[in-house]
Amino acid sequence: MTVTATAPPAADERLGKPKAMDQLIKRPEIGAMLGALLVFLFFSVVTEQFLSIGGAATWLDDASMLGIMAVAVAMLMIGGEFDLSAGVMTASTALVTALLATQLGLNVWLSLLVSLAFALAVGALNGWLVMRTGLPSFIVTLGSFLALQGLNLGITRLVTGSVQVSGMRDAAGYESAGFLFASTFQIGGTSFYVSIIWWVLFTVVASTVLMRTKFGNWIFAIGGASQSSRAVGVPVVRSKILLFMTTAFAAWLVGSINILRYASVQANQGIGLEFQYIIAAVIGGCLLTGGFGSAVGAAIGALIFGMARQGIVYAGWNSDWFQLFLGVMLLAAVLVNNMLRRRAERVRR
Amino acid sequence: MTVTATAPPAADERLGKPKAMDQLIKRPEIGAMLGALLVFLFFSVVTEQFLSIGGAATWLDDASMLGIMAVAVAMLMIGGEFDLSAGVMTASTALVTALLATQLGLNVWLSLLVSLAFALAVGALNGWLVMRTGLPSFIVTLGSFLALQGLNLGITRLVTGSVQVSGMRDAAGYESAGFLFASTFQIGGTSFYVSIIWWVLFTVVASTVLMRTKFGNWIFAIGGASQSSRAVGVPVVRSKILLFMTTAFAAWLVGSINILRYASVQANQGIGLEFQYIIAAVIGGCLLTGGFGSAVGAAIGALIFGMARQGIVYAGWNSDWFQLFLGVMLLAAVLVNNMLRRRAERVRR
Amino acid sequence: MTSLIETENIGKTYGSVIALSEVSTVVNAGEVTCVLGDNGAGKSTLIKILAGVHQHDQGSFRVEGEEIRFSSPREALDRGIATVYQDLAVVPLMSVWRNFFLGSEPTTKLGFLDRKKGKEITKKALSDMGIDLRDVEQPVGTLSGGERQCVAIARAVHFGAKVLILDEPTAALGVKQAGVVLKYVAQARDRGLGVVLITHNPHHAYPVGNRFLLLKRGRALGSYEKSEIDINELTKQMAGGAELEALEHELRGVEA
Amino acid sequence: MTSLIETENIGKTYGSVIALSEVSTVVNAGEVTCVLGDNGAGKSTLIKILAGVHQHDQGSFRVEGEEIRFSSPREALDRGIATVYQDLAVVPLMSVWRNFFLGSEPTTKLGFLDRKKGKEITKKALSDMGIDLRDVEQPVGTLSGGERQCVAIARAVHFGAKVLILDEPTAALGVKQAGVVLKYVAQARDRGLGVVLITHNPHHAYPVGNRFLLLKRGRALGSYEKSEIDINELTKQMAGGAELEALEHELRGVEA
Amino acid sequence: ACSGPTGTQSQNTGNNSAPAASGDLKVSVITHGTAGDAFWSVVKVGAEDAAKQLGAGVTYNSDGDPGAQAKLIDNAVSQKVGGIVVSMANPDALKTSIENAVKAGIPVITINSGSAKSAEFGAMAHVGQEESIAGEEAGKKLKAAGKTKLLCVIHEAGNSGLNQRCDGARSGFGGAVENLQVDISNPTDIEARIKAKLQSDTAVDGVLALNPQVAVNAASAIKGASSKAQVATFDLNADVVSSIKAGDVLFAVDQQQYQQGYLPIVMLKLFKDNANTLGGGKPVLTGPGFVDKSNVDKVAEYAKNGKR
Ligand SMILES: Nc1ncnc2c1ncn2[C@@H]1O[C@H](COP(=O)(O)OP(=O)(O)OP(=O)(O)O)[C@@H](O)[C@H]1O
Ligand SMILES: Nc1ncnc2c1ncn2[C@@H]1O[C@H](COP(=O)(O)OP(=O)(O)OP(=O)(O)O)[C@@H](O)[C@H]1O
Ligand SMILES: [Mg+2]
Ligand SMILES: [Mg+2]
C-alpha cells in the first residue's frame with residue numbers, strides 16, 4: 001500500500017525496478033500452464049504413445065470430463081463457496097435420467113430435461129441453504145453430499161433391485177441425444193469424444209463470463225468481500241445461488257455425457273471426485289478463500305490431471321502409487337502458485 | 001458492542017431482560033446434548049435391544065473409536081485448522097505396526113513405539129507445512145491424505161503382495177499389548193471393550209487441557225485470532241504443530257486398538273472417516289472457522305453418531321439409506337447449534 | 001423544497017439490543033448533515049437504515065417526500081443514495097476500475113463489459129479528485145487507506161448520487177489525507193449533493209457541516225444548525241458535557 | 001541513565017518496498033515518544049520492529065543499552081516491551097479475563113489455570129482504569145471499541161511492562177473514549193513507563209507527548225522535544241507544511 | 001454352476017513350463033476392483049506371475065467407476081497393446097470401448113463377470129464366472145450346513161460385484177437372506193453393526209462375509225453378541241486361515257481368482273504364438289473352490305503369498 005497519490009507521475013522512489021519477466025506472472029493460471037507444459041514434455045519423452053494422436057484423444061477425454069466440473073467449481077470457488085456435493089451430483093443426474101428412461105420408458109430427451117430441472121433445483125437448494133442459514137458451504141454441501149449419496153443408493157436399489165441402472169440403449173431418443181453428448185468426431189483417423197468440445201466450450205463461456213461480463217465482476221466481488229459487494233448493490237444472494245446452480249448444471253452435463261456414453265450408471269459413482277475438482281481448480285490458481293482464480297486455469301488444472309493419470313498408465317508405472325503422486329503434485333502445485341502469486345503481488349505494488 | 005463502561009452497575013437500559021433459561025444455552029455442547037438425548041430416547045422406544053446392556057456395549061464401542069478421533073479433531077478445529085489426513089492415518093499407523101511385527105518380527109511393543117514416532121512425525125510435518133507455507137490446512141492435509149493413501153497401498157502390496165497385513169496374533173508381545181488396547185471388561189455379564197475407557201480418558205484429558213490449562217487457552221486464542229495471539233506472546237507455530245501431533249497421536253491410538261483387536265489391517269482402511277470426525281466435532285458445537293467449541297461436545301457428537309448408526313440396525317431399517325439420514329442429521333444439528341449460539345451471543349450481550 | 005431525506009422518530013433494535021430510538025433528522029441538497037457521537041451510539045445503525053442495509057422498526061423514513069422502506073442497498077442506490085462505509089466497502093483483490101464500477105458496470109451493446117471505457121472513466125474520475133494512479137488495473141488492496149477512501153467517494157459521486165453518506169471516512173487517515181477527503185466532501189456538497197458525514201472528530205465535522213446530529217446510546221442528544229453552536233460547544237457536547245472538563249483538567253494536570 | 005529503547009538509523013524493507021530507512025529515536029522511562037506521519041509512512045513498521053514482530057534490516061536497535069534483535073514478540077515481552085496494536089490484538093470469541101491473561105496465564109501449583117485469581121485480577125485491573133464490567137466471562141467481542149482498547153492497555157500495564165507501545169489507540173474512538181485512553185497513557189507514563197504513542201491526531205499527541213518523531217515515506221522528517229515545537233507547528237509539519245495551508249484555505253473558501 | 005477347476009488347472013501347469021517366447025507381448029489388465037480390494041489383489045498377482053514366467057509385459061490398472069474403466073481400455077487401445085484383459089461388472093458401460101479394441105485388432109479376454117456379453121462384444125474368451133454363481137454356491141453350502149437365516153455383509157455400498165454375490169447367495173440358500181451394509185474403511189463399525197444385527201435378530205445363524213477382513217470382524221462380533229451364528233467368507237488371509245483351523249470360520253469361498261489373472265495372459269500368449277484359443281466360446285470356469293478344515297493346511301501357505 002504505497003501512497004502514490006502524492007507523487008504520481010514520477011517512479012516511486014521506494015520501489016526497486018520491477019523486472020520485465022515479472023509482468024508475465026500476474027495471471028492466476030501461469031503456474032498451471034508451466035505445470036501442464038512440464039507434465040506434457042515429461043510423458044512425451046518418457047513414453048511412446050503419449051504424444052500420438054490416439055494418446056491425445058485418450059488423455060483429452062479424461063481431462064474433459066474432469067475439466068467441465070473443475071471450471072464450474074472454480075467459478076464457485078472464486079465466488080467464495082465450496083461444493084462437496086458436486087461429485088455425487090454427476091451420478092444423481094445420470095441416475096435420474098436413466099431411471100426415467102428405462103423404468104418409466106420416457107423419451108431420453110424428456111428424461112434429460114427432467115434431470116436438468118432436478119439438478120438445478122438441488123443447486124438452488126444448496127445455495128439457498130448456504131445464504132439463508134449463514135453456515136459455511138463446506139458443512140451445508142457436506143450434508144447434501146451425504147444425502148444425495150444415500151438417495152442414489154436407496155432409490156436405485158428400491159427401483160431396480162440392483163446397484164446399477166442399465167439398458168439405456170433401448171430407450172427412445174437414445175440415438176439423437178447420444179449424438180449431442182456422447183458421439184465421436186474424427187481427426188486424422190482417430191476418434192475424439194465430443195465431450196472435449198463441450199469442455200472447451202464450457203471453459204470459453206465461463207472465462208468470458210468471468211472476465212467480460214457484469215456477472216463475472218460480481219463473482220470476483222462476492223468472493224473477495226461479500227458484505228462490501230452487497231453494500232454497493234451487487235445481488236449477492238442471487239449471484240451465489242446462480243453459482244451453485246452452475247455447478248449443478250455442469251454436474252448434469254457430465255452425468256448426461258456419462259449415461260449416454262456408457263448407457264449405464266452405478267449408484268456409487270462420483271463419490272470422491274469432488275476433491276479432484278477442487279484440486280484441479282486450486283492447481284489452476286484459484287484461492288480457497290475466494291475472490292481470485294480463473295476458469296482457464298481450472299481447465300488447465302484438469303488437463304494436468306488427465307495427462308498425469310493417463311500418462312502413468314502409458315509409462316506402465318504401478319498404479320498403486322498414483323495417489324501418492326497426486327498428493328505430491330498437489331502440494332508442489334500450490335506451493336509454486338503461492339510463490340508466483342506473492343511475487344506478482346510484490347510486482348503490482 | 002454496548003458501551004457498558006459508562007453505566008456499569010445499573011442494568012443497561014438498552015437491554016431487554018434476559019430469560020433464566022437463556023443462561024443454560026451458553027455452552028457449545030448444549031445442542032449436542034439435546035440431540036444425544038433425543039436420539040437415545042428415540043431408539044430406546046423404537047427398538048428393544050438398544051437400551052439393553054448388550055446394546056449399550058455395541059454402540060458405545062462404535063462411538064468410542066470415532067470419539068477419540070473426534071475429540072482430537074475438535075481440538076485442532078478450535079485451534080483453527082483442519083486435518084483431512086486423520087482418517088487414513090488410523091490405517092497408516094496400524095499398517096506400520098503390523099508390518100514391523102509380522103514382517104520384521106519385531107516385538108509388538110517396539111512396533112507400537114515406532115509407529116507412534118511415525119505418527120508424530122507425520123503430524124509434525126503437516127503442522128510444519130501449514131505454518132511454513134501459510135497455505136490453508138485444507139489443501140496441505142488433502143495433499144498428505146492422498147500421499148498417505150498411496151503409501152498405504154503401495155507399501156503394503158510391495159511388502160506382502162496383498163492388500164492386507166494379517167497374522168499379528170503370532171507376534172511377540174501381542175497378548176500384553178492387546179490387554180492394554182483391545183481387551184474387554186465385564187459389566188453385568190456383558191463385555192465392554194477397553195476402547196470405551198480410552199475414549200472417556202481422552203475426552204477428560206482434552207477437556208481439562210482446553211478449559212484448565214495455559215495451552216488450552218492458547219488453542220482458543222490461535223483459532224480465534226492467530227496474529228493477535230502471536231503478538232501477545234503465544235507461541236502460535238509450536239502450538240499448532242502440537243495440535244496436529246495430537247491428532248496424529250489419536251490416530252495412532254485408534255490404529256493400535258484396531259490392529260490389536262482384529263490382528264489384521266486392510267490398506268484402504270480409514271478413507272472417508274475424516275469427514276465423520278469433522279461432522280462429529282461440528283455437531284458437538286465446534287466452529288469450522290476456529291476459536292470456539294468443546295471436547296466434550298465432540299465426544300457427544302461421536303456418541304450421537306454411534307447411537308444413530310447402530311440404532312438404525314437395531315430398528316431393522318434398510319441401511320441403504322444411512323447416508324441420507326446422516327446428511328439430514330448433520331444439517332439439522334448445525335442449524336440448531338447455530339440458532340443456539342446466536343441466541344447465546346445475544347444473551348451475553 | 002422537500003428534503004432529500006427525512007427521518008422522523010426512527011428506531012431499530014437488534015434482538016434485545018435497542019440500537020436506535022426516536023431519532024429525527026433531515027438531509028437537504030447542498031448541505032452536510034454531520035452525525036456525531038460515542039462508540040456504539042448508533043451512528044452506523046442510522047446510516048445503514050438510510051442506505052438500505054437494515055430496515056427500521058419504528059418511525060418514518062422519507063426520501064424526497066415519499067415514505068419508503070428499502071429492502072436492499074440496490075434500491076437505495078437506485079434512489080440516488082450512495083454510501084461509503086466505515087470498513088471501506090472495496091474488494092481488495094479486485095482492480096481499481098472494477099471496484100469503481102462494481103454494481104454499475106458499463107457494458108457494450110453486446111452486453112459485455114466495456115473495459116476500455118471503464119478504465120478511462122475511472123482514470124478520469126480519480127484524476128478529477130487529484131489522484132493519479134499509475135495503473136487502474138492494480139488491485140485496490142495495494143492502495144493506501146486514503147486512496148481507497150477516495151476511490152469509494154469518487155465512485156459515489158460519479159454515479160450521480162443525490163445523497164452521499166460517509167461513515168467515519170477520516171478515522172484511519174493522516175492529517176493530510178483527511179484534509180483531502182474533507183475537500184471532496186465540500187466539493188460534493190457544492191455540486192448540490194446532500195451529504196451525511198459521520199465522524200468522531202469535531203475538527204473535521206465543524207468546517208464542512210451545516211447541521212449536527214448528536215447521538216448518545218441510541219437516542220438523539222440534540223440537533224443543531226451550524227449557527228446555533230460553535231466548535232467548542234460541539235466538542236463539549238460530543239464528549240458528554242461536564243465529564244470532559246474534568247478529564248481535560250486531569251490531562252492538563254499530568255501534563256504540567 | 002540509559003534509554004529504555006534506542007534505535008539508530010534503523011531500516012526495513014518488505015521485498016522491494018523500502019518501508020523504513022535511517023530512523024533514529026529514543027524512548028526514556030517516564031516519557032512519551034509520539035510517532036506521527038501520513039498513511040504508509042512506516043509508523044506501524046517501526047513499532048513492529050520494536051515489538052519483535054518483524055526484524056530490522058539495517059541500523060542498530062538497543063534495549064537498555066544492549067544491542068538486540070528480537071525473533072518473536074515473546075522475547076520483546078520478556079524484555080518488558082508490551083504493545084497494543086492498531087487492530088487491537090484481542091481474540092473476540094474469548095472471554096475478557098482470558099484475553100487479559102493471554103500469554104501470561106496465572107496457574108495454580110498443579111499447573112492448571114487459576115481461574116478464580118484470573119477473574120479477580122482482571123476485574124480489579126479494569127476497575128482501576130475505571131471500567132466496571134458486569135461479567136469478565138463475557139467475550140471481548142461484545143465490548144465496545146474503547147473498552148477493548150482499554151483492556152489491551154490495562155493488560156500491558158499490569159504485566160509490568162517497562163515500555164508500552166500503542167499503535168493508533170484513539171483512531172476509532174469517540175472524543176470521550178479517546179480522552180479516557182489518553183488519561184491512561186498519561187498515568188502509565190507517570191508510573192515511570194516509557195510510552196510510544198502513534199496517532200494521526202496532533203490534538204491527541206501534543207498534550208501527552210514529550211518527544212515527537214515525524215515520519216514521511218519511510219524516513220524521519222524530524223524529531224522534536226516538546227519544548228522545540230508548538231501544536232500548530234506540529235500540525236503543519238504532520239500535514240507536510242505548505243500543502244496544508246493551501247488546503248485549509250480551500251476548505252475555508254468553500255465553507256464561507 | 002460348476003465347481004471343479006481341474007480341467008483348466010492342467011492347462012495351466014502345461015503352460016507354466018513354456019519358455020519365454022519370441023517377440024514381446026504387452027498385456028493390459030483392467031479391472032473394476034477398487035484399490036485395496038483383497039480379491040483383485042490376487043488377480044493382479046496372478047497376472048504378474050504369468051507375465052514373469054512367460055516373459056511378457058503386464059500392466060494392471062483398475063477403477064471402480066465404469067466410465068474410468070472404459071477410459072483405461074481406450075488408453076490401452078491407443079497404446080496398441082498386444083492384448084487386453086478386462087473384467088465386466090458393468091458390460092453396458094464397457095461395450096463401446098471393448099468393441100473398439102476388437103476393431104483395432106487387439107485380442108480381448110474378459111474375466112470374472114460379464115460372461116453373457118463376452119462373446120457378443122467380440123472377446124476371444126471368458127475366464128472365471130459370475131460373482132453371482134460364487135455366491136450361489138456359498139449359499140448352497142451354508143444351507144447344507146443346516147443354516148436357516150443368513151446375513152450377507154456388503155462392505156462397499158454400490159459395488160455391483162458384492163451385490164451380485166449376495167443376490168447369488170440368496171438364490172442358492174433358498175431361505176431368508178438379509179443384506180447388511182457396512183463400511184470397509186471402519187472396522188469398528190463393521191463389528192458393531194454385525195453385533196447389533198445379531199442382537200436384534202437372534203434367528204440369524206449364518207454370516208456371509210465378502211472380504212476376509214470383514215470375516216475377522218464378524219467372528220469378533222459373534223463372540224461379543226454371544227450368538228450361535230457361524231461365519232463363512234470370500235477369500236483368504238492368514239487370520240481367516242487360522243480361524244478356519246480353529247473352527248471360527250466355517251469355510252472360505254475361493255474363486256481361485258489367481259487363475260483369472262494368470263490364465264488370460266497364457267491364453268493371449270498362446271494366441272499370439274500359435275493362434276490357439278481356449279474354451280470354444282464357452283467361459284473357462286475357475287471356481288469356485290472351497291477352503292474348509294479339510295484342505296486349509298494345504299492352502300494356507302499360498303494364501304500367505306497372496307496367491308489364494
Ligand atoms: N448486527 C448487530 N447485531 C446486534 N447488535 C448490533 C449490531 N450492530 C450494532 N449493534 C449494536 O448496536 C449499537 C449501535 O452500534 P453502531 O455500530 O450503530 O454504533 P456506532 O455509533 O457506529 O459506533 P462506532 O463509533 O464504534 O462505529 C451498539 O450497541 C452495537 O453493539
Ligand atoms: N507485510 C507487508 N508486506 C509488504 N509491504 C508492507 C507490509 N506491511 C507494510 N507494508 C508497506 O510498508 C509501508 C509502511 O507501512 P506501515 O504499515 O508501517 O504504515 P503506517 O505508517 O502504519 O500507515 P497507517 O497510518 O496507514 O497505519 C507501506 O507502503 C506499506 O504498503
Ligand atoms: Mg460505526
Ligand atoms: Mg499503521
# chains A, B, ... in the order shown; residues from 1 in each chain; ligands from 1

$ residues_around --residues "Gly123 (chain B)" --least-positions-apart "6" --cutoff "6 Å" --atoms "only C-alpha atoms" --output "list in words"
Phe244, Met245 and Ala248 of chain B

$ residues_around --residues "Trp321 (chain A)" --least-positions-apart "4" --cutoff "9 Å" --atoms "only C-alpha atoms" --output "list in words"
Trp317, Phe325 and Leu326 of chain A; Ala147, Gln149, Gly150, Leu151, Leu153, Gly154 and Ile155 of chain B

$ write_last_selection --atoms "C-alpha atoms" --output "compact mmCIF listing (two decimals), in the first residue's frame"
# COMPACT_ATOMS: atom_id res chain seq x y z
CA TRP A 317 4.02 -47.50 -13.70
CA PHE A 325 1.95 -38.96 -6.93
CA LEU A 326 -1.26 -36.94 -6.84
CA ALA B 147 0.10 -39.24 -0.21
CA GLN B 149 -3.35 -43.27 0.88
CA GLY B 150 -0.87 -44.04 -1.89
CA LEU B 151 1.83 -45.09 0.56
CA LEU B 153 -1.47 -49.27 -0.64
CA GLY B 154 1.89 -49.19 -2.38
CA ILE B 155 3.99 -50.31 0.55

$ residues_near_ligand --ligand "ligand 1" --cutoff "7 Å" --atoms "only C-alpha atoms and all ligand atoms" --output "number ranges by chain"
B: 1-3; C: 14-15, 17-19, 37-46, 218; D: 142, 144-145, 172-174

$ write_last_selection --atoms "N, CA and C atoms" --output "short mmCIF file (atom, residue, chain, number, x, y, z; two decimals), in the first residue's frame"
data_model
loop_
_atom_site.label_atom_id
_atom_site.label_comp_id
_atom_site.auth_asym_id
_atom_site.auth_seq_id
_atom_site.Cartn_x
_atom_site.Cartn_y
_atom_site.Cartn_z
N MET B 1 -21.85 -4.78 20.80
CA MET B 1 -20.84 -3.99 21.45
C MET B 1 -21.45 -2.80 22.16
N THR B 2 -21.92 -3.04 23.32
CA THR B 2 -22.52 -1.95 24.06
C THR B 2 -21.44 -1.27 24.88
N VAL B 3 -21.61 -0.01 25.07
CA VAL B 3 -20.64 0.69 25.91
C VAL B 3 -21.15 0.63 27.33
N TYR C 14 -31.67 -4.63 17.50
CA TYR C 14 -31.07 -5.91 17.10
C TYR C 14 -31.38 -6.90 18.19
N GLY C 15 -32.27 -7.83 17.95
CA GLY C 15 -32.63 -8.76 19.03
C GLY C 15 -33.09 -7.97 20.22
N VAL C 17 -31.17 -5.76 21.80
CA VAL C 17 -30.41 -4.51 21.92
C VAL C 17 -31.13 -3.41 21.15
N ILE C 18 -31.46 -2.35 21.87
CA ILE C 18 -32.09 -1.21 21.20
C ILE C 18 -30.97 -0.30 20.70
N ALA C 19 -30.69 -0.35 19.40
CA ALA C 19 -29.54 0.38 18.87
C ALA C 19 -29.88 1.82 18.55
N GLY C 37 -21.11 11.26 17.78
CA GLY C 37 -21.46 10.52 18.99
C GLY C 37 -20.42 9.50 19.37
N ASP C 38 -20.60 8.96 20.60
CA ASP C 38 -19.66 7.97 21.14
C ASP C 38 -19.63 6.70 20.31
N ASN C 39 -18.70 5.84 20.68
CA ASN C 39 -18.71 4.49 20.12
C ASN C 39 -20.01 3.80 20.55
N GLY C 40 -20.62 3.14 19.60
CA GLY C 40 -21.84 2.40 19.93
C GLY C 40 -23.06 3.28 20.09
N ALA C 41 -22.96 4.54 19.71
CA ALA C 41 -24.08 5.45 19.89
C ALA C 41 -25.20 5.16 18.90
N GLY C 42 -24.90 4.45 17.82
CA GLY C 42 -25.93 4.12 16.84
C GLY C 42 -25.75 4.84 15.52
N LYS C 43 -24.61 5.48 15.33
CA LYS C 43 -24.37 6.24 14.10
C LYS C 43 -24.42 5.31 12.87
N SER C 44 -23.65 4.23 12.94
CA SER C 44 -23.61 3.33 11.80
C SER C 44 -24.97 2.70 11.56
N THR C 45 -25.68 2.43 12.64
CA THR C 45 -27.01 1.85 12.51
C THR C 45 -27.92 2.81 11.74
N LEU C 46 -27.85 4.07 12.10
CA LEU C 46 -28.69 5.06 11.43
C LEU C 46 -28.42 5.09 9.93
N GLY C 218 -27.99 5.52 21.44
CA GLY C 218 -29.16 5.23 20.61
C GLY C 218 -30.18 6.33 20.51
N THR D 142 -17.99 -8.65 22.60
CA THR D 142 -19.21 -7.93 22.93
C THR D 142 -18.90 -6.56 23.55
N SER D 144 -17.31 -2.60 23.53
CA SER D 144 -17.16 -1.54 22.54
C SER D 144 -15.68 -1.36 22.22
N GLY D 145 -15.42 -0.67 21.12
CA GLY D 145 -14.04 -0.46 20.71
C GLY D 145 -13.19 0.17 21.80
N ALA D 172 -10.31 4.95 16.31
CA ALA D 172 -11.71 4.60 16.12
C ALA D 172 -12.57 5.05 17.28
N LEU D 173 -11.99 5.85 18.18
CA LEU D 173 -12.72 6.16 19.40
C LEU D 173 -13.41 7.51 19.37
N GLY D 174 -14.47 7.60 20.11
CA GLY D 174 -15.17 8.85 20.29
C GLY D 174 -14.33 9.80 21.13
#

$ interface_residues --of "chain E" --to "chain A" --cutoff "6 Å" --atoms "only C-alpha atoms" --output "PyMOL selection string"
chain E and resi 59+65+75+78-79+92-93+158+160

$ select_by_dssp --residues "region 36-249 of chain B" --states "strand (DSSP E)" --output "ChimeraX atom specification"
/B:164-165,184-187,190-193

$ residues_around --residues "His203 (chain C)" --least-positions-apart "6" --cutoff "10 Å" --atoms "only C-alpha atoms" --output "number ranges by chain"
C: 231-232, 234-235; D: 203

$ residues_around --residues "Ser132 (chain E)" --least-positions-apart "5" --cutoff "9 Å" --atoms "only C-alpha atoms" --output "PyMOL selection string"
chain E and resi 113+137+161-169

$ write_last_selection --atoms "C-alpha atoms" --output "PDB file, in the first residue's frame"
ATOM      1  CA  SER E 113     -18.134 -61.250 -14.505  1.00  0.00           C
ATOM      2  CA  GLU E 137     -22.512 -71.928  -4.302  1.00  0.00           C
ATOM      3  CA  GLY E 161     -19.818 -57.372  -7.674  1.00  0.00           C
ATOM      4  CA  LEU E 162     -20.608 -57.556  -3.964  1.00  0.00           C
ATOM      5  CA  ASN E 163     -24.283 -57.133  -4.605  1.00  0.00           C
ATOM      6  CA  GLN E 164     -24.209 -59.940  -7.169  1.00  0.00           C
ATOM      7  CA  ARG E 165     -22.597 -62.224  -4.600  1.00  0.00           C
ATOM      8  CA  CYS E 166     -25.344 -61.531  -2.103  1.00  0.00           C
ATOM      9  CA  ASP E 167     -28.054 -61.958  -4.736  1.00  0.00           C
ATOM     10  CA  GLY E 168     -26.441 -65.278  -5.673  1.00  0.00           C
ATOM     11  CA  ALA E 169     -26.325 -66.366  -2.070  1.00  0.00           C
TER      12      ALA E 169
END

$ residues_around --residues "region 5-8 of chain C" --least-positions-apart "3" --cutoff "6 Å" --atoms "only C-alpha atoms" --output "ChimeraX atom specification"
/C:24-27,59-63

$ closest_residue --among "E:Ala196, E:Leu250, E:Ala50, E:Val207" --to "Met267 (chain E)" --atoms "only C-alpha atoms"
E:Ala50

$ interface_residues --of "chain C" --to "chain A" --cutoff "8 Å" --atoms "only C-alpha atoms" --output "PyMOL selection string"
chain C and resi 53+72-75+77+82-83+88-94+98+102-103+105+107+111-115+130-134+138-139+141-145+147

$ atom_distance --atom1 "CA of Gln199 (chain E)" --atom2 "CA of Ser227 (chain E)"
7.7 Å
